Amino acid sequence: MSTVKALEPGSRHDLRVGISPDAPDENTIKDEVGSFGYCHSYETSSRYDGPGLRLVLFVSGCLLRCTYCHNPDTWHLKDGTYVSVDHVLRRIGDFAPSIQALGGGLTISGGEPMVQLAFTRRILAGAKSMGLHTAIQTSGFLGDRADESYLSEIDLVLLDIKSSDPETYRRTTARDLAPTLRFAERLASLSKPVWVRFTLVPGETDDAANVDGIARFVAPMKNVQWVEVQPFHQMGSFKWKALGLEYKLENTQPPSRELVNRVIEQFRAAGCQAR
Amino acid sequence: MKAGAALRKEGDAGDCWRGFRPGDWQTSINVRDFIARNVTSYAGGEDFLAGPSQRTKAVWAKLQPYFADERKKGVLAVDAKSPSTLLAHNAGYIDRDNEIVVGLQTDQPFKRAIFPFGGLRMVEAGLKAAGFEPDPAVHETFTKYRRSHNDGVFDAYTPEIMNCRRSGIITGLPDAYGRGRIIGDYRRVALYGVDRLLEAKREERAQINDMWPTDEIIRLREELSEQMRALEDLASMAKLYDHDISKPAVNAQEAFQWTYFAYLGAIKEANGAAMSIGRISSFLDIYIERDLKAGALDEARAQELWDQLVQKLRIVRFLRTPDYDALFSGDPYWATECVGGMDLDGRTLVTKSSYRMLHTLYNLGPAPEPNITVLWSSHMPAPFKRYCVKVSRDTSSLQYENDDLMRPFWGDDYGIACCVSAMRLGKQMQFFGARVNFAKALLYAINGGRDEVSGDQVAPRTMPVVGDFLDYDDVMAKFDTTMEWLARTYVHAMNCIHYMHDKYFYERLEMALHDRDILRTMAFGIAGLSVVADSLSAIKYGKMRVTRDATGLIVDYQNEGNQSTPQFGNNDDRVDQIASSMVTSFMEKIRKHPTYRNATHTQSVLTITSNVVYGKATGNTPDGRRKGEPFGPGANPMHGRDSHGWLASCLSVAKLPYKDSLDGISYTVSVAPQKTHLSDSQLLDEAVKAFDVYFDRGGFHMNLNVIDKETLEDAIRNPDKYPQLTIRVSGYAVNFVRLTPEQQRDVISRTFHGQI
């Protein structure tokens, strides 16, 4: 993702403040058909969210409330724009030949792709039929909703494991850890390629035992190609401010190089391929 | 051109041409054939390259104080007394013992010359601005006895053209200085020697003796005579430096020197805005290869020739005026040199000297000149592509143009004049025509021909927009009418300019290094394309309310629709097609009007740094751009509006139709290092792929900067820390610290994309 410097009207960082104050409730999401859905924005030139050059589609709606979230403007479903799947696929199609030539693909991020399961399923299937590599970036919290056919549309899962300790997980995300671990095990049993992503927040997730817990959990999984340590950054802080949200990490510094290296080494010591 | 038996003098050239594969080039002036038969393509990597020699370093050290002084003081010295000609100045040296390529514009480095044949006013304004006194004798000559190009043009202009000039809807016209954008085939002097070129010219002259003396034939006879005189003078100029260039060059050293003398002659005779050197690297490589094989040269000496030639090209200076600098700052003169590309037989024209030319950016450090242009073909050897991208990453000093797109139009021996104008070397020239302010034209359409800033009626009175909202079809119809008028006025002005330029400031030496019968193009241009496209898109997809001032002039626009409107630079066909159709539409209107000397109409989407000046002179536009804000440079999307990454941005630009902008489409991309897991080496590979994709999709040009904003901001605060910080602007590179403060801010406000 590109660095965010300013709030420019009309840009993808333009916040849609006040369109909907309601967080989606798990039980009220009606997404059975998926011919329409809510998209926040897209970016065509990421080199971070999967192999090759990625077209990253940010869909809205997320059930987690991570303290370090850098896209809090995607939490609410209706923060996004209501668009048809045909429209989304037409846009993806505009880039597909170039993305393919660059060895890249589509990554659905957000938000949480599995909030709009039927919608993202159709997008992923459409992208696949264009010959694109597909990926989702997910917390895994809704992993139980993803059936085999959903997973078959996905070539790579970028799975956030934010903590190995249920308490820390809850403090950081306001949700339970168990569904994520369950989803990770299921992906392992299906041999679905996974990049595990761990966001390193000093004072919050950097505890050595916490890191070791994830490392021990992930190390035996043959399907995990990478464990990626993502240093916390302050580039999303302006969004919290603009949205009038209380930002607890205002004074948290990004982790030092030494700390990042320590964590990477912890993963490696456990036998993970880490970077 | 076949010059026949008169050219065949085997005895003469035999020794000079030893070891070369024979061909048509021996019996006619045909450098392209010589290259095709003798070039040694190179598909390897850069590991053979050598560092700078002691001599190169010594010469470079002598020049450093001048560079430092110039940054502080501007113009260091001018010879205000002697109008520049081939023979106006004695030989000049930097460090005679260590220079292996010699020749200066005047008798001292950094001493500028004057060119009153273009226009005395420009000379005197330039002198005064630089703190020098105009010379009374020159003044008298050029007011009493001799008219200039500038005088002639203003005699022929109409009041309407004067109004257009004043209002800024047509700007930058070469009516007061050299038009430039002509590339002599300087290689001919090395390959054939002056005697043989003279013979060919005599032959060309003899062929038209029996032709009836129409205007055209009489002019041609005079021009050919002038060309021959110029060649003789060129030989005399070389004699001042103790070189006899009447015969072909016998070795690489002479080939470099002869070619440079020819170029030096051109810049002594003409002060065009752009004075490209052409496509010399792979030509001169043939001489280097021959000497290397014979053991007469080693790699260090070969690189030394390149380094020292490039040193000369880095100190070319012309006397300009403050107005001119506001348009094109940092003393650019576009000594554009093309490297790479493919030939018509499918072989690559990448040679070891393509590498050596690029390598000068390491041996001497980054610099704007020569304006090194990589003719990118997806078929070029992979190691060379990679090396180019590496040089870009390290120096931000290269530009790229699509050889696969141009080759079908111009063959395999074209050069680039200025930034993006392709022309077959020695067989084609252009009548340069700057550009019109396309955004202003749209505002004229809305306001019935009145200028949105001054309120003056500049275009003929037409029906302005009535009512409170803009209607797309209505505005398009009005814009069409305005474009018709503008195209006609523009061609009219250009005909006057080039008639007078030929008459009073004919580039006799550059044209002596052309065939007699050439293709002439007349190069028109537009600035502010993305402003126009976004404005029309806003009108089409938004609900634009207008605001009028007390005189009824529409001065502002408000989108009352509830949707943001499509913007150019996001690969969105709704607006990209508007941009493309505007390019085609204006070109079609230009083509309706006959040109001077039957030149072929072409068009560019290019601003150089003038996007700042154009923006300054233009009121609020319907796209939301505020009065005075710069336009996007060249064909670039407006700053910050290409918000979906570089891929989306460059795919939009790649859609613009080259067939209707054969004079080039300029696109500048700045990327800042970004978070990625790829190694430096992988990033280079990925960048090469990205180039291939952009050019395969029809992209024409790519000016690549790899730099972050913080560095640029620091350079503004501490210019002395960054003497060689080079940045590509639209079509050329410039020392960042020598840009005007406004232009520096403009560069910083441009969109920076993440890693390619």
# chains A, B, ... in the order shown; residues from 1 in each chain; ligands from 1
>>> residues_around(residues="Leu132 (chain A)", least_positions_apart="6", cutoff="12 Å", atoms="only C-alpha atoms", output="PyMOL selection string")
chain A and resi 51-55+89+92-93+95-107+123-126+153-156
>>> interface_residues(of="chain B", to="chain A", cutoff="6 Å", atoms="only C-alpha atoms", output="list of chain:residue names")
B:Ser643, B:His644, B:Gly645, B:Leu647, B:Thr676, B:Gly754
>>> select_by_dssp(residues="region 127-274 of chain A", states="strand (DSSP E)", output="PyMOL selection string")
chain A and resi 133-138+156-160+194-200+224-231
>>> write_last_selection(atoms="N, CA and C atoms", output="PDB file, in the first residue's frame")
ATOM      1  N   HIS A 133      -4.101 -14.571 -10.578  1.00  0.00           N
ATOM      2  CA  HIS A 133      -3.821 -15.150  -9.272  1.00  0.00           C
ATOM      3  C   HIS A 133      -4.688 -14.396  -8.256  1.00  0.00           C
ATOM      4  N   THR A 134      -5.264 -15.110  -7.274  1.00  0.00           N
ATOM      5  CA  THR A 134      -6.153 -14.439  -6.322  1.00  0.00           C
ATOM      6  C   THR A 134      -5.682 -14.633  -4.889  1.00  0.00           C
ATOM      7  N   ALA A 135      -5.923 -13.606  -4.104  1.00  0.00           N
ATOM      8  CA  ALA A 135      -5.557 -13.672  -2.690  1.00  0.00           C
ATOM      9  C   ALA A 135      -6.569 -12.886  -1.881  1.00  0.00           C
ATOM     10  N   ILE A 136      -6.714 -13.277  -0.627  1.00  0.00           N
ATOM     11  CA  ILE A 136      -7.461 -12.415   0.298  1.00  0.00           C
ATOM     12  C   ILE A 136      -6.581 -12.131   1.505  1.00  0.00           C
ATOM     13  N   GLN A 137      -6.804 -10.947   2.039  1.00  0.00           N
ATOM     14  CA  GLN A 137      -6.149 -10.561   3.286  1.00  0.00           C
ATOM     15  C   GLN A 137      -7.222 -10.631   4.358  1.00  0.00           C
ATOM     16  N   THR A 138      -7.036 -11.507   5.348  1.00  0.00           N
ATOM     17  CA  THR A 138      -8.127 -11.742   6.298  1.00  0.00           C
ATOM     18  C   THR A 138      -7.609 -11.928   7.721  1.00  0.00           C
ATOM     19  N   LEU A 156      -4.120 -17.834  -2.557  1.00  0.00           N
ATOM     20  CA  LEU A 156      -3.231 -17.510  -1.431  1.00  0.00           C
ATOM     21  C   LEU A 156      -4.039 -16.772  -0.372  1.00  0.00           C
ATOM     22  N   VAL A 157      -3.846 -17.178   0.867  1.00  0.00           N
ATOM     23  CA  VAL A 157      -4.499 -16.464   1.965  1.00  0.00           C
ATOM     24  C   VAL A 157      -3.434 -15.697   2.752  1.00  0.00           C
ATOM     25  N   LEU A 158      -3.630 -14.385   2.875  1.00  0.00           N
ATOM     26  CA  LEU A 158      -2.768 -13.586   3.737  1.00  0.00           C
ATOM     27  C   LEU A 158      -3.474 -13.517   5.079  1.00  0.00           C
ATOM     28  N   LEU A 159      -2.999 -14.304   6.003  1.00  0.00           N
ATOM     29  CA  LEU A 159      -3.734 -14.494   7.256  1.00  0.00           C
ATOM     30  C   LEU A 159      -3.069 -13.730   8.397  1.00  0.00           C
ATOM     31  N   ASP A 160      -3.821 -12.801   8.943  1.00  0.00           N
ATOM     32  CA  ASP A 160      -3.328 -12.056  10.105  1.00  0.00           C
ATOM     33  C   ASP A 160      -3.492 -12.895  11.360  1.00  0.00           C
ATOM     34  N   VAL A 194      -0.453 -20.087   2.388  1.00  0.00           N
ATOM     35  CA  VAL A 194      -0.730 -19.016   3.333  1.00  0.00           C
ATOM     36  C   VAL A 194       0.525 -18.192   3.594  1.00  0.00           C
ATOM     37  N   TRP A 195       0.352 -16.875   3.665  1.00  0.00           N
ATOM     38  CA  TRP A 195       1.381 -16.021   4.264  1.00  0.00           C
ATOM     39  C   TRP A 195       0.790 -15.531   5.574  1.00  0.00           C
ATOM     40  N   VAL A 196       1.427 -15.924   6.641  1.00  0.00           N
ATOM     41  CA  VAL A 196       0.966 -15.443   7.938  1.00  0.00           C
ATOM     42  C   VAL A 196       1.529 -14.048   8.170  1.00  0.00           C
ATOM     43  N   ARG A 197       0.672 -13.141   8.618  1.00  0.00           N
ATOM     44  CA  ARG A 197       1.147 -11.781   8.870  1.00  0.00           C
ATOM     45  C   ARG A 197       0.970 -11.445  10.342  1.00  0.00           C
ATOM     46  N   PHE A 198       2.010 -10.918  10.893  1.00  0.00           N
ATOM     47  CA  PHE A 198       1.998 -10.574  12.306  1.00  0.00           C
ATOM     48  C   PHE A 198       2.401  -9.109  12.436  1.00  0.00           C
ATOM     49  N   THR A 199       1.505  -8.306  13.004  1.00  0.00           N
ATOM     50  CA  THR A 199       1.824  -6.891  13.170  1.00  0.00           C
ATOM     51  C   THR A 199       2.493  -6.686  14.524  1.00  0.00           C
ATOM     52  N   LEU A 200       3.677  -6.129  14.456  1.00  0.00           N
ATOM     53  CA  LEU A 200       4.483  -5.959  15.656  1.00  0.00           C
ATOM     54  C   LEU A 200       4.244  -4.562  16.235  1.00  0.00           C
ATOM     55  N   VAL A 224       2.290 -22.892   5.038  1.00  0.00           N
ATOM     56  CA  VAL A 224       2.645 -21.497   5.323  1.00  0.00           C
ATOM     57  C   VAL A 224       3.972 -21.173   4.633  1.00  0.00           C
ATOM     58  N   GLN A 225       3.893 -20.363   3.609  1.00  0.00           N
ATOM     59  CA  GLN A 225       5.089 -20.074   2.810  1.00  0.00           C
ATOM     60  C   GLN A 225       5.950 -19.001   3.463  1.00  0.00           C
ATOM     61  N   TRP A 226       5.284 -18.042   4.084  1.00  0.00           N
ATOM     62  CA  TRP A 226       6.007 -16.945   4.739  1.00  0.00           C
ATOM     63  C   TRP A 226       5.332 -16.569   6.038  1.00  0.00           C
ATOM     64  N   VAL A 227       6.149 -16.198   6.993  1.00  0.00           N
ATOM     65  CA  VAL A 227       5.626 -15.445   8.116  1.00  0.00           C
ATOM     66  C   VAL A 227       6.181 -14.039   7.948  1.00  0.00           C
ATOM     67  N   GLU A 228       5.294 -13.065   7.808  1.00  0.00           N
ATOM     68  CA  GLU A 228       5.734 -11.700   7.569  1.00  0.00           C
ATOM     69  C   GLU A 228       5.517 -10.848   8.810  1.00  0.00           C
ATOM     70  N   VAL A 229       6.595 -10.265   9.263  1.00  0.00           N
ATOM     71  CA  VAL A 229       6.495  -9.388  10.424  1.00  0.00           C
ATOM     72  C   VAL A 229       6.270  -7.974   9.913  1.00  0.00           C
ATOM     73  N   GLN A 230       5.123  -7.408  10.266  1.00  0.00           N
ATOM     74  CA  GLN A 230       4.784  -6.067   9.792  1.00  0.00           C
ATOM     75  C   GLN A 230       4.985  -5.072  10.922  1.00  0.00           C
ATOM     76  N   PRO A 231       5.996  -4.226  10.793  1.00  0.00           N
ATOM     77  CA  PRO A 231       6.212  -3.254  11.866  1.00  0.00           C
ATOM     78  C   PRO A 231       5.044  -2.264  11.916  1.00  0.00           C
TER      79      PRO A 231
END
>>> residues_around(residues="Val669 (chain B)", least_positions_apart="4", cutoff="10 Å", atoms="only C-alpha atoms", output="PDB file with N, CA and C atoms, in the first residue's frame")
ATOM      1  N   ASN B 636       0.777  14.235 -18.447  1.00  0.00           N
ATOM      2  CA  ASN B 636       0.538  13.711 -17.100  1.00  0.00           C
ATOM      3  C   ASN B 636      -0.860  14.025 -16.590  1.00  0.00           C
ATOM      4  N   TRP B 646       0.672   3.690  -9.927  1.00  0.00           N
ATOM      5  CA  TRP B 646       1.330   4.043 -11.193  1.00  0.00           C
ATOM      6  C   TRP B 646       0.783   3.250 -12.369  1.00  0.00           C
ATOM      7  N   SER B 649      -2.209   4.963 -13.655  1.00  0.00           N
ATOM      8  CA  SER B 649      -1.804   6.236 -14.232  1.00  0.00           C
ATOM      9  C   SER B 649      -1.189   6.040 -15.620  1.00  0.00           C
ATOM     10  N   CYS B 650      -0.263   5.112 -15.717  1.00  0.00           N
ATOM     11  CA  CYS B 650       0.433   4.995 -17.008  1.00  0.00           C
ATOM     12  C   CYS B 650      -0.440   4.315 -18.064  1.00  0.00           C
ATOM     13  N   MET B 702       8.574   7.780 -21.139  1.00  0.00           N
ATOM     14  CA  MET B 702       8.616   7.653 -19.687  1.00  0.00           C
ATOM     15  C   MET B 702       9.858   8.377 -19.174  1.00  0.00           C
ATOM     16  N   ASN B 703       9.589   9.394 -18.391  1.00  0.00           N
ATOM     17  CA  ASN B 703      10.623  10.152 -17.706  1.00  0.00           C
ATOM     18  C   ASN B 703      10.629   9.630 -16.302  1.00  0.00           C
ATOM     19  N   LEU B 704      11.660   8.972 -15.888  1.00  0.00           N
ATOM     20  CA  LEU B 704      11.573   8.290 -14.600  1.00  0.00           C
ATOM     21  C   LEU B 704      12.446   8.941 -13.538  1.00  0.00           C
ATOM     22  N   ASN B 705      11.828   9.291 -12.431  1.00  0.00           N
ATOM     23  CA  ASN B 705      12.574   9.770 -11.265  1.00  0.00           C
ATOM     24  C   ASN B 705      12.434   8.762 -10.150  1.00  0.00           C
ATOM     25  N   VAL B 706      13.544   8.450  -9.533  1.00  0.00           N
ATOM     26  CA  VAL B 706      13.485   7.606  -8.351  1.00  0.00           C
ATOM     27  C   VAL B 706      14.055   8.422  -7.205  1.00  0.00           C
ATOM     28  N   ARG B 728      14.146  14.522 -13.615  1.00  0.00           N
ATOM     29  CA  ARG B 728      13.510  14.601 -14.921  1.00  0.00           C
ATOM     30  C   ARG B 728      12.224  15.392 -14.780  1.00  0.00           C
ATOM     31  N   VAL B 729      12.089  16.410 -15.610  1.00  0.00           N
ATOM     32  CA  VAL B 729      10.807  17.064 -15.702  1.00  0.00           C
ATOM     33  C   VAL B 729      10.235  16.652 -17.041  1.00  0.00           C
ATOM     34  N   SER B 730       9.263  17.349 -17.567  1.00  0.00           N
ATOM     35  CA  SER B 730       8.628  16.866 -18.780  1.00  0.00           C
ATOM     36  C   SER B 730       9.594  16.899 -19.968  1.00  0.00           C
ATOM     37  N   ARG B 750       3.940  17.040  -7.295  1.00  0.00           N
ATOM     38  CA  ARG B 750       3.494  15.984  -8.209  1.00  0.00           C
ATOM     39  C   ARG B 750       3.249  14.682  -7.466  1.00  0.00           C
ATOM     40  N   THR B 751       2.453  13.838  -8.086  1.00  0.00           N
ATOM     41  CA  THR B 751       2.185  12.541  -7.496  1.00  0.00           C
ATOM     42  C   THR B 751       3.459  11.712  -7.425  1.00  0.00           C
ATOM     43  N   PHE B 752       3.744  11.177  -6.267  1.00  0.00           N
ATOM     44  CA  PHE B 752       4.837  10.212  -6.148  1.00  0.00           C
ATOM     45  C   PHE B 752       4.226   8.830  -5.978  1.00  0.00           C
ATOM     46  N   HIS B 753       4.578   7.927  -6.853  1.00  0.00           N
ATOM     47  CA  HIS B 753       4.051   6.580  -6.744  1.00  0.00           C
ATOM     48  C   HIS B 753       5.004   5.714  -5.950  1.00  0.00           C
ATOM     49  N   ILE B 756       8.006   0.948  -8.588  1.00  0.00           N
ATOM     50  CA  ILE B 756       7.473   0.316  -9.799  1.00  0.00           C
ATOM     51  C   ILE B 756       7.575  -1.149  -9.619  1.00  0.00           C
TER      52      ILE B 756
END
>>> select_by_dssp(residues="region 91-216 of chain A", states="helix (DSSP H, G or I)", output="PyMOL selection string")
chain A and resi 91-101+113-129+143-145+148-152+166-173+178-189+208-216
>>> closest_residue(among="B:Thr482, B:Ser281, B:Gln567, B:Ser749", to="Ser670 (chain B)", atoms="only C-alpha atoms")
B:Ser749
>>> atom_distance(atom1="CA of Ala326 (chain B)", atom2="CA of Val612 (chain B)")
8.6 Å
